[in-house]
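Structure first, commentary second.
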Amino acid sequence: MYNFFQFVATIILVVSTSAAIAQHQQDSVIKELSLKEVQIHTIRKSKQPGTTFYQSSLLASTEDILARVEGVNLIRRGPIGMEPVLRGFSAGQINVVIDGMRIFGACTDKMDPATIYTEPVNLKSIDIKYGGDGIGTGATIGGTLNLKLADALIDSNSRFTGSLASGYYSAATAVQNAVVMNYSEKKWAIRFSGVYRKGGDYTDGENKKVDFSQYGKMNTSVSGKYQFNKNSTIKADFILDDGWNIGFPALAMDVGYAKARIASVTYERNNSAQFMQEIEAKIYANAVRHAMDDTKRPATAMHMDMPGQSHTFGAFLQFRLRKMGIHNFKVKTDFYYNSVYADMTMYPKDAAPMFMLTWPKNHQKVAGLFVEDEMYLSSMSRLGLKLRIEAVNAKVTDEMGQDQFSVLGYDVHRPVKQILKNVNISYTRFLSSVLTAYLSAGFNERSPTTSERFGFYLFNQMDNHDYVGNPLLKNEQAWNGEFNLLFAKKDFSWKLSAFSSWVAHYIMGKTQQSLSVMTIGATGVRSYENIPSARLFGAESSFSYQLLNRHLTFNNTWKWLRGEDNEKTPLPLMSPLKIMTSVRFQHRTLSFQVENEICSKQNQINIDFGESVSPGYTLFHIRSGYGFVIKKHKLDFSAGIENLLNKAYADHLDWGAILRPGRNIYGLLTFKF
Amino acid sequence: MKKLYIFFLLCSILTACKKDVINQTVTDPKAGLQKISEVYALGISTKVELWAEKDLTTGHNQLFVTLYDSVSNQPITKALVKILPVMDMEMNGMYMSHSTPCLQPESSEVENTLFPFAVVFTMPGNTDQSKWSFDVTIKRDGQNKIGTAKLAVAVGASSPERVKMLTTTQGEKLVVSYYFPNPPKIGINDLEVIIYRQQDKMSFLSVDNFLLVMRPEMPAMGHGSPNNINPVHTKNGYYKGKVNFTMTGDWRINLDLVNAEQKNTIFFDLSF
């Protein structure tokens, strides 16, 4: 047990560089942490079962990793650009942040969730907090997914280190190459990483090529760090992510380009002797440009240009206060400004081009204050309190957008101002040396997204409807509850979670008979409305067992989820039961792993949203790896077969039930120096 | 130092003067208008000027008459002004004339130095075979004499056509036109529809008894727009409504003209 937590402890120490936590309390704190959230360490290769389980191979994408996390599902419209879902909550219901930075996609059709703008090689960890536990980075009802960026490593003993990796995937005849380099002087260090991925149309389980499933992507990141003294550092990060010709077989168009530029400067100071500890101050800015492309599709009724852009800048300051009695306060203040804009030009035959704003230029200014108190009630129990108050100001800023909305009968000249209140209380009880219980409850709010408020005739392929925004939407308000049990011994851990959310003013698209469709062939027009309520609940299990002197690791996760509206109609895009099992054999540098993925049939469907019953499926994967040491360098070889039996399958969250890749043989070589 | 004082003094004077100039400036009532033609009215020593917002084309045109005393060159502010548009045509040696709907100046007093009126041209006229002119009759305030003037005007064809003519089942000949008081844009647009009935070749009467049903449409996509307000009659054959455009491009405004006896459907195309 202690060893298991030591792994998590290293993460915490790296993540928060925390020395403030008293040593004797560490074990229980870590226990508490692992009960609440999921942290996946992506760069430092760990011998712990969790990492190897989540990160199936070293070249796995952020999306591949997320798909394996209990509590996370992905809405898939194409081979990349999948939208993360946390326990049934997605899009504006969750926060997807990069190292605490807010970033918003520039695509009106959700083709570019923030997760595609990072790669595991430039991440230190992926940190997931569900429900109200995730309010530290922003008001949310569904949780927070934080993609933490890797730092440059200051280590004068190893001046120049790095790794090169190259892989091939047969199903999409895809190549992936990655490079990581770290250069360190005594006081400063610089880290560079680059990833290039390119895939053709993949072959599905019926041995057919899936048209428009190609992609190309390049990610470059540079991170520099300077150490003023033992306690304080300043670092600067810059990420350049370029995607091009990304196919979306489930949609009527692909992505021409998706470009993100992400920059930040962070100052960190940690002196346990001072009143304010673990100070972190960050300023950041990011820009996303995105354009859809229908020119390669054979049967387009009319060519359309649909570019979009998103600009965000912000800053935050967070610190911990020196322990006062039983209280451990953490405070964070943050601010961000986000402006998005998307338009559409249609080119009919023999007529003038038609131009409209799909997202009229609008901005959101958000300022928040977050206070957390960890109360050490006794050696056996902890009480946690999280509070967040957020002021939101959203406004349509261009005149054409305002005029356009007046057509729908809305006056959007004035800004929408809201105060969001978020509270979360948690209680942890160490029932015995091996059993810990965690209980959490909270009230959370989130404001509507740009599409929900100001979207203008955005076509949804899934239900074949045009969607218009509703500037009068109320905030979604959720009452969240969660109960977790952790049973942990040496080499053995089992975590069980049950959770439930009751969401008032749940936002859904409702058909508007009075509006006529704009998209040729669409069935109708829907506008976003607050339905009285919705309920989401589910359970997860995560089991890990190491035996035979840790030669053999057994991992098993279950995730199950249900969602229904106030009339007991199932909510759309709810994943059925999924069970994932892996058995891994490891001897020195040789490893061999067999995985099994079972997904049950989903008949809890929302027909109105265009869903149909999805059949279940069972998949098998095998993976292997071997490492050599040549002088001081290391060469790792790994290979595997995914979807071993070449099963033709699609997941319930795959739009258009487009079949996923069939048998995929991959091999990759990693050279570390 | 002295120079500096003088400099500041001059500066203050100059800026003061500038301010006065700004305060005294009144916007020119003819700003944004162009002069179409001018002529002297016989017998009453008056110069007649014709102004318009843009070149005249078929359909509705907003026009203005300004009058000046030809002796003193002072603008005339009170007069009874009547306009008769006349089309003179020559076809195979045959000559014929007809008029077109015209909204006369409402008042005998100038409105911002202008006598506004409007004409709906039913056909272009700018050749020797077909030409438009205005017969203007003027009775200046305090004078008994009535003067006349003839102003030739060139009228081009509007594209897309802004005027439609139709014959109802009762045999009535209707002239329907429309215009936007402000240039059309994405959003809500004021729209005016003008309906006149031909009584005889030289006279047209306003029609006020139609119920209009308006359906904007994008022919390239087949969709319309929501929340339009059907034009309703205000006065003199003018119907006011609101038309909504959700995007730029080619639009078609379908209009049902409904009254107790009949329903006629016409449309206007426009592009912006």
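Each chain in the structure tokens gets a letter, A, B and so on, in the order shown; residues start at 1 in every chain, and ligands are counted from 1 in the order they appear.
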Quiz prompt | Residue contacts of His633 in chain A (8 Å, only C-alpha atoms) excluding same-chain residues fewer than 2 positions away, as an MDAnalysis selection string | solution = chainID A and resid 629:631 635 671:673
Quiz item: Can you tell me, as a count of residues only, what residues are no more than 9 Å from Pro29 in chain B when counting only C-alpha atoms, ignoring any on the same chain fewer than 2 positions away?
Solution: 8
Exercise. Check range 357-461 of chain A with DSSP on the backbone and list each residue it calls strand (DSSP E or B), as number ranges by chain.
Key: A: 357-378, 381-396, 416-430, 435-446, 458-460
Quiz item: Separation of CA of Ser310 in chain A and CA of Asp398 in chain A, in Å?
Solution: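 Separation between CA of Ser310 in chain A and CA of Asp398 in chain A: 15.0 Å.
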Contacts between chain A and chain B, please, where a residue of chain B counts if it comes within 10 Å (with only C-alpha atoms); show its shortest atom pair and distance in Å to one decimal, rows by chain and ascending number, as JSON lines.
```
{"residue": "B:Lys185", "atom": "CA", "partner": "A:Met400", "partner_atom": "CA", "distance": 8.2}
{"residue": "B:Ile186", "atom": "CA", "partner": "A:Gln404", "partner_atom": "CA", "distance": 5.7}
{"residue": "B:Gly187", "atom": "CA", "partner": "A:Asp403", "partner_atom": "CA", "distance": 4.2}
{"residue": "B:Ile188", "atom": "CA", "partner": "A:Val407", "partner_atom": "CA", "distance": 5.8}
{"residue": "B:Asn189", "atom": "CA", "partner": "A:Val407", "partner_atom": "CA", "distance": 9.4}
{"residue": "B:Met218", "atom": "CA", "partner": "A:Met518", "partner_atom": "CA", "distance": 9.3}
{"residue": "B:Pro219", "atom": "CA", "partner": "A:Ala351", "partner_atom": "CA", "distance": 9.0}
{"residue": "B:Ala220", "atom": "CA", "partner": "A:Pro348", "partner_atom": "CA", "distance": 6.1}
{"residue": "B:Met221", "atom": "CA", "partner": "A:Ile520", "partner_atom": "CA", "distance": 6.3}
{"residue": "B:Gly222", "atom": "CA", "partner": "A:Ile520", "partner_atom": "CA", "distance": 7.6}
{"residue": "B:His223", "atom": "CA", "partner": "A:Met518", "partner_atom": "CA", "distance": 5.4}
{"residue": "B:Gly224", "atom": "CA", "partner": "A:Ser516", "partner_atom": "CA", "distance": 6.4}
{"residue": "B:Ser225", "atom": "CA", "partner": "A:Ser516", "partner_atom": "CA", "distance": 6.9}
{"residue": "B:Pro226", "atom": "CA", "partner": "A:Leu515", "partner_atom": "CA", "distance": 5.9}
{"residue": "B:Asn227", "atom": "CA", "partner": "A:Val407", "partner_atom": "CA", "distance": 6.5}
{"residue": "B:Asn228", "atom": "CA", "partner": "A:Val407", "partner_atom": "CA", "distance": 8.0}
{"residue": "B:Val243", "atom": "CA", "partner": "A:Val407", "partner_atom": "CA", "distance": 8.8}
{"residue": "B:Asn244", "atom": "CA", "partner": "A:Val407", "partner_atom": "CA", "distance": 5.7}
{"residue": "B:Phe245", "atom": "CA", "partner": "A:Val407", "partner_atom": "CA", "distance": 7.2}
{"residue": "B:Thr246", "atom": "CA", "partner": "A:Gln404", "partner_atom": "CA", "distance": 5.9}
{"residue": "B:Met247", "atom": "CA", "partner": "A:Met356", "partner_atom": "CA", "distance": 4.6}
{"residue": "B:Thr248", "atom": "CA", "partner": "A:Met354", "partner_atom": "CA", "distance": 4.9}
{"residue": "B:Gly249", "atom": "CA", "partner": "A:Met354", "partner_atom": "CA", "distance": 4.2}
{"residue": "B:Asp250", "atom": "CA", "partner": "A:Ala352", "partner_atom": "CA", "distance": 5.8}
{"residue": "B:Trp251", "atom": "CA", "partner": "A:Ala352", "partner_atom": "CA", "distance": 9.5}
{"residue": "B:Ser271", "atom": "CA", "partner": "A:Ala352", "partner_atom": "CA", "distance": 7.3}
{"residue": "B:Phe272", "atom": "CA", "partner": "A:Ala352", "partner_atom": "CA", "distance": 8.5}
```
Practice problem: Would you list the contacts of Asn73 in chain A as a VMD selection string, taking every protein, DNA or RNA residue within 9 Å and counting only C-alpha atoms, but skipping same-chain residues closer than 6 positions in sequence? | Solution: chain A and resid 66 to 67 83 to 88 574 to 575 653
File of the preceding selection, N, CA and C atoms, as a PDB file, in the first residue's frame:
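Written output follows (selection_28.pdb):
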```pdb
ATOM      1  N   LEU A  66      -7.185   9.333 -22.196  1.00  0.00           N
ATOM      2  CA  LEU A  66      -8.449   9.686 -21.554  1.00  0.00           C
ATOM      3  C   LEU A  66      -9.487   8.573 -21.697  1.00  0.00           C
ATOM      4  N   ALA A  67      -9.480   7.928 -22.860  1.00  0.00           N
ATOM      5  CA  ALA A  67     -10.485   6.894 -23.113  1.00  0.00           C
ATOM      6  C   ALA A  67     -10.394   5.770 -22.087  1.00  0.00           C
ATOM      7  N   GLU A  83     -14.289  14.655 -28.143  1.00  0.00           N
ATOM      8  CA  GLU A  83     -14.707  15.561 -27.081  1.00  0.00           C
ATOM      9  C   GLU A  83     -14.814  14.809 -25.759  1.00  0.00           C
ATOM     10  N   PRO A  84     -14.063  15.227 -24.738  1.00  0.00           N
ATOM     11  CA  PRO A  84     -14.124  14.483 -23.480  1.00  0.00           C
ATOM     12  C   PRO A  84     -15.452  14.668 -22.747  1.00  0.00           C
ATOM     13  N   VAL A  85     -15.895  13.610 -22.116  1.00  0.00           N
ATOM     14  CA  VAL A  85     -17.119  13.625 -21.319  1.00  0.00           C
ATOM     15  C   VAL A  85     -16.742  13.119 -19.928  1.00  0.00           C
ATOM     16  N   LEU A  86     -17.005  13.906 -18.896  1.00  0.00           N
ATOM     17  CA  LEU A  86     -16.711  13.489 -17.531  1.00  0.00           C
ATOM     18  C   LEU A  86     -18.013  13.080 -16.859  1.00  0.00           C
ATOM     19  N   ARG A  87     -18.143  11.825 -16.609  1.00  0.00           N
ATOM     20  CA  ARG A  87     -19.346  11.304 -15.944  1.00  0.00           C
ATOM     21  C   ARG A  87     -20.625  11.873 -16.558  1.00  0.00           C
ATOM     22  N   GLY A  88     -20.685  11.897 -17.864  1.00  0.00           N
ATOM     23  CA  GLY A  88     -21.887  12.339 -18.560  1.00  0.00           C
ATOM     24  C   GLY A  88     -21.963  13.830 -18.829  1.00  0.00           C
ATOM     25  N   MET A 574     -24.935   9.171 -23.483  1.00  0.00           N
ATOM     26  CA  MET A 574     -24.566   8.548 -22.223  1.00  0.00           C
ATOM     27  C   MET A 574     -23.958   7.185 -22.544  1.00  0.00           C
ATOM     28  N   SER A 575     -22.777   6.974 -22.028  1.00  0.00           N
ATOM     29  CA  SER A 575     -22.071   5.733 -22.345  1.00  0.00           C
ATOM     30  C   SER A 575     -22.674   4.561 -21.576  1.00  0.00           C
ATOM     31  N   LEU A 653     -21.035   6.488 -28.290  1.00  0.00           N
ATOM     32  CA  LEU A 653     -20.754   7.922 -28.407  1.00  0.00           C
ATOM     33  C   LEU A 653     -20.102   8.294 -29.743  1.00  0.00           C
TER      34      LEU A 653
END
```
Exercise. Rank nothing, just name the residue among B:Ser159, B:Asn254, B:Asn92, B:Gln262 nearest to Glu217 in chain B, using only C-alpha atoms.
Key: B:Asn254
Self-check item: Interatomic distance, CA of Lys235 in chain B to CA of Thr168 in chain B (Å, one decimal)
Solution: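 CA of Thr168 in chain B lies 21.8 Å from CA of Lys235 in chain B.
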Listing only residues of range 66-101 of chain A within 12 Å of range 660-664 of chain A, what is the closest atom pair and its distance in Å (to one decimal) for each, using only C-alpha atoms, sorted by chain and residue number ascending, as JSON lines?
```
{"residue": "A:Arg76", "atom": "CA", "partner": "A:Arg660", "partner_atom": "CA", "distance": 9.8}
{"residue": "A:Arg77", "atom": "CA", "partner": "A:Arg660", "partner_atom": "CA", "distance": 10.7}
{"residue": "A:Gly78", "atom": "CA", "partner": "A:Arg660", "partner_atom": "CA", "distance": 9.4}
{"residue": "A:Pro79", "atom": "CA", "partner": "A:Arg660", "partner_atom": "CA", "distance": 8.4}
{"residue": "A:Ile80", "atom": "CA", "partner": "A:Arg660", "partner_atom": "CA", "distance": 11.9}
```
Can you write out the residues you just picked, keeping N, CA and C atoms, as a CSV table (one decimal), in the first residue's frame?
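Below is the file out_25.csv, written as the result:
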```csv
chain,number,residue,atom,x,y,z
A,76,ARG,N,-17.0,10.9,-30.3
A,76,ARG,CA,-16.1,10.7,-31.4
A,76,ARG,C,-16.9,11.1,-32.7
A,77,ARG,N,-16.3,12.0,-33.4
A,77,ARG,CA,-16.9,12.4,-34.7
A,77,ARG,C,-15.8,12.1,-35.8
A,78,GLY,N,-14.6,11.9,-35.4
A,78,GLY,CA,-13.5,11.6,-36.3
A,78,GLY,C,-12.4,11.0,-35.6
A,79,PRO,N,-11.3,10.6,-36.3
A,79,PRO,CA,-10.2,9.9,-35.6
A,79,PRO,C,-9.5,10.7,-34.5
A,80,ILE,N,-9.4,12.0,-34.8
A,80,ILE,CA,-8.9,12.9,-33.7
A,80,ILE,C,-9.8,14.0,-33.5
```
Exercise. Using DSSP on the backbone, list every residue of range 6-224 of chain B that comes out as helix (DSSP H, G or I), and give them as an NGL selection string.
Key: :B and (6-24)
Can I get the selection written as a PDB file, in the first residue's frame, with N, CA and C atoms?
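Once written, part.pdb looks like this:
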```
ATOM      1  N   ILE B   6       1.974  85.539 -26.997  1.00  0.00           N
ATOM      2  CA  ILE B   6       1.250  85.826 -28.244  1.00  0.00           C
ATOM      3  C   ILE B   6       0.797  84.525 -28.910  1.00  0.00           C
ATOM      4  N   PHE B   7       1.695  83.599 -28.877  1.00  0.00           N
ATOM      5  CA  PHE B   7       1.380  82.294 -29.471  1.00  0.00           C
ATOM      6  C   PHE B   7       0.139  81.675 -28.819  1.00  0.00           C
ATOM      7  N   PHE B   8       0.155  81.689 -27.475  1.00  0.00           N
ATOM      8  CA  PHE B   8      -0.988  81.108 -26.762  1.00  0.00           C
ATOM      9  C   PHE B   8      -2.263  81.886 -27.022  1.00  0.00           C
ATOM     10  N   LEU B   9      -2.107  83.202 -27.065  1.00  0.00           N
ATOM     11  CA  LEU B   9      -3.249  84.069 -27.332  1.00  0.00           C
ATOM     12  C   LEU B   9      -3.858  83.727 -28.689  1.00  0.00           C
ATOM     13  N   LEU B  10      -2.966  83.660 -29.671  1.00  0.00           N
ATOM     14  CA  LEU B  10      -3.424  83.319 -31.019  1.00  0.00           C
ATOM     15  C   LEU B  10      -4.110  81.950 -31.028  1.00  0.00           C
ATOM     16  N   CYS B  11      -3.459  81.047 -30.347  1.00  0.00           N
ATOM     17  CA  CYS B  11      -4.016  79.697 -30.284  1.00  0.00           C
ATOM     18  C   CYS B  11      -5.432  79.720 -29.737  1.00  0.00           C
ATOM     19  N   SER B  12      -5.593  80.437 -28.629  1.00  0.00           N
ATOM     20  CA  SER B  12      -6.912  80.443 -27.993  1.00  0.00           C
ATOM     21  C   SER B  12      -7.940  81.112 -28.892  1.00  0.00           C
ATOM     22  N   ILE B  13      -7.514  82.190 -29.558  1.00  0.00           N
ATOM     23  CA  ILE B  13      -8.443  82.862 -30.473  1.00  0.00           C
ATOM     24  C   ILE B  13      -8.858  81.920 -31.606  1.00  0.00           C
ATOM     25  N   LEU B  14      -7.825  81.300 -32.161  1.00  0.00           N
ATOM     26  CA  LEU B  14      -8.091  80.416 -33.299  1.00  0.00           C
ATOM     27  C   LEU B  14      -9.030  79.276 -32.920  1.00  0.00           C
ATOM     28  N   THR B  15      -8.726  78.660 -31.780  1.00  0.00           N
ATOM     29  CA  THR B  15      -9.580  77.539 -31.380  1.00  0.00           C
ATOM     30  C   THR B  15     -10.992  78.017 -31.100  1.00  0.00           C
ATOM     31  N   ALA B  16     -11.089  79.229 -30.505  1.00  0.00           N
ATOM     32  CA  ALA B  16     -12.410  79.785 -30.224  1.00  0.00           C
ATOM     33  C   ALA B  16     -13.175  79.980 -31.514  1.00  0.00           C
ATOM     34  N   CYS B  17     -12.488  80.556 -32.511  1.00  0.00           N
ATOM     35  CA  CYS B  17     -13.131  80.780 -33.802  1.00  0.00           C
ATOM     36  C   CYS B  17     -13.629  79.462 -34.395  1.00  0.00           C
ATOM     37  N   LYS B  18     -12.754  78.481 -34.305  1.00  0.00           N
ATOM     38  CA  LYS B  18     -13.065  77.182 -34.878  1.00  0.00           C
ATOM     39  C   LYS B  18     -14.353  76.628 -34.271  1.00  0.00           C
ATOM     40  N   LYS B  19     -14.431  76.776 -32.936  1.00  0.00           N
ATOM     41  CA  LYS B  19     -15.617  76.270 -32.240  1.00  0.00           C
ATOM     42  C   LYS B  19     -16.874  76.944 -32.775  1.00  0.00           C
ATOM     43  N   ASP B  20     -16.772  78.284 -32.935  1.00  0.00           N
ATOM     44  CA  ASP B  20     -17.933  79.034 -33.434  1.00  0.00           C
ATOM     45  C   ASP B  20     -18.383  78.501 -34.785  1.00  0.00           C
ATOM     46  N   VAL B  21     -17.384  78.263 -35.623  1.00  0.00           N
ATOM     47  CA  VAL B  21     -17.694  77.782 -36.966  1.00  0.00           C
ATOM     48  C   VAL B  21     -18.486  76.478 -36.880  1.00  0.00           C
ATOM     49  N   ILE B  22     -18.002  75.606 -35.998  1.00  0.00           N
ATOM     50  CA  ILE B  22     -18.673  74.309 -35.846  1.00  0.00           C
ATOM     51  C   ILE B  22     -20.119  74.514 -35.402  1.00  0.00           C
ATOM     52  N   ASN B  23     -20.285  75.412 -34.404  1.00  0.00           N
ATOM     53  CA  ASN B  23     -21.628  75.631 -33.876  1.00  0.00           C
ATOM     54  C   ASN B  23     -22.576  76.183 -34.931  1.00  0.00           C
ATOM     55  N   GLN B  24     -22.014  77.014 -35.827  1.00  0.00           N
ATOM     56  CA  GLN B  24     -22.881  77.651 -36.816  1.00  0.00           C
ATOM     57  C   GLN B  24     -23.226  76.726 -37.981  1.00  0.00           C
TER      58      GLN B  24
END
```
Self-check item: Separation of CA of Ile665 in chain A from CA of Gly640 in chain A in Å
Solution: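 A separation of 5.9 Å between them.
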Self-check item: Shell of 12 Å around Cys102 in chain B, only C-alpha atoms, local chain residues under 5 positions omitted, as number ranges by chain
Solution: B: 59-63, 82-86, 116-122, 134-135, 175, 177, 194-198, 202-206, 236-238
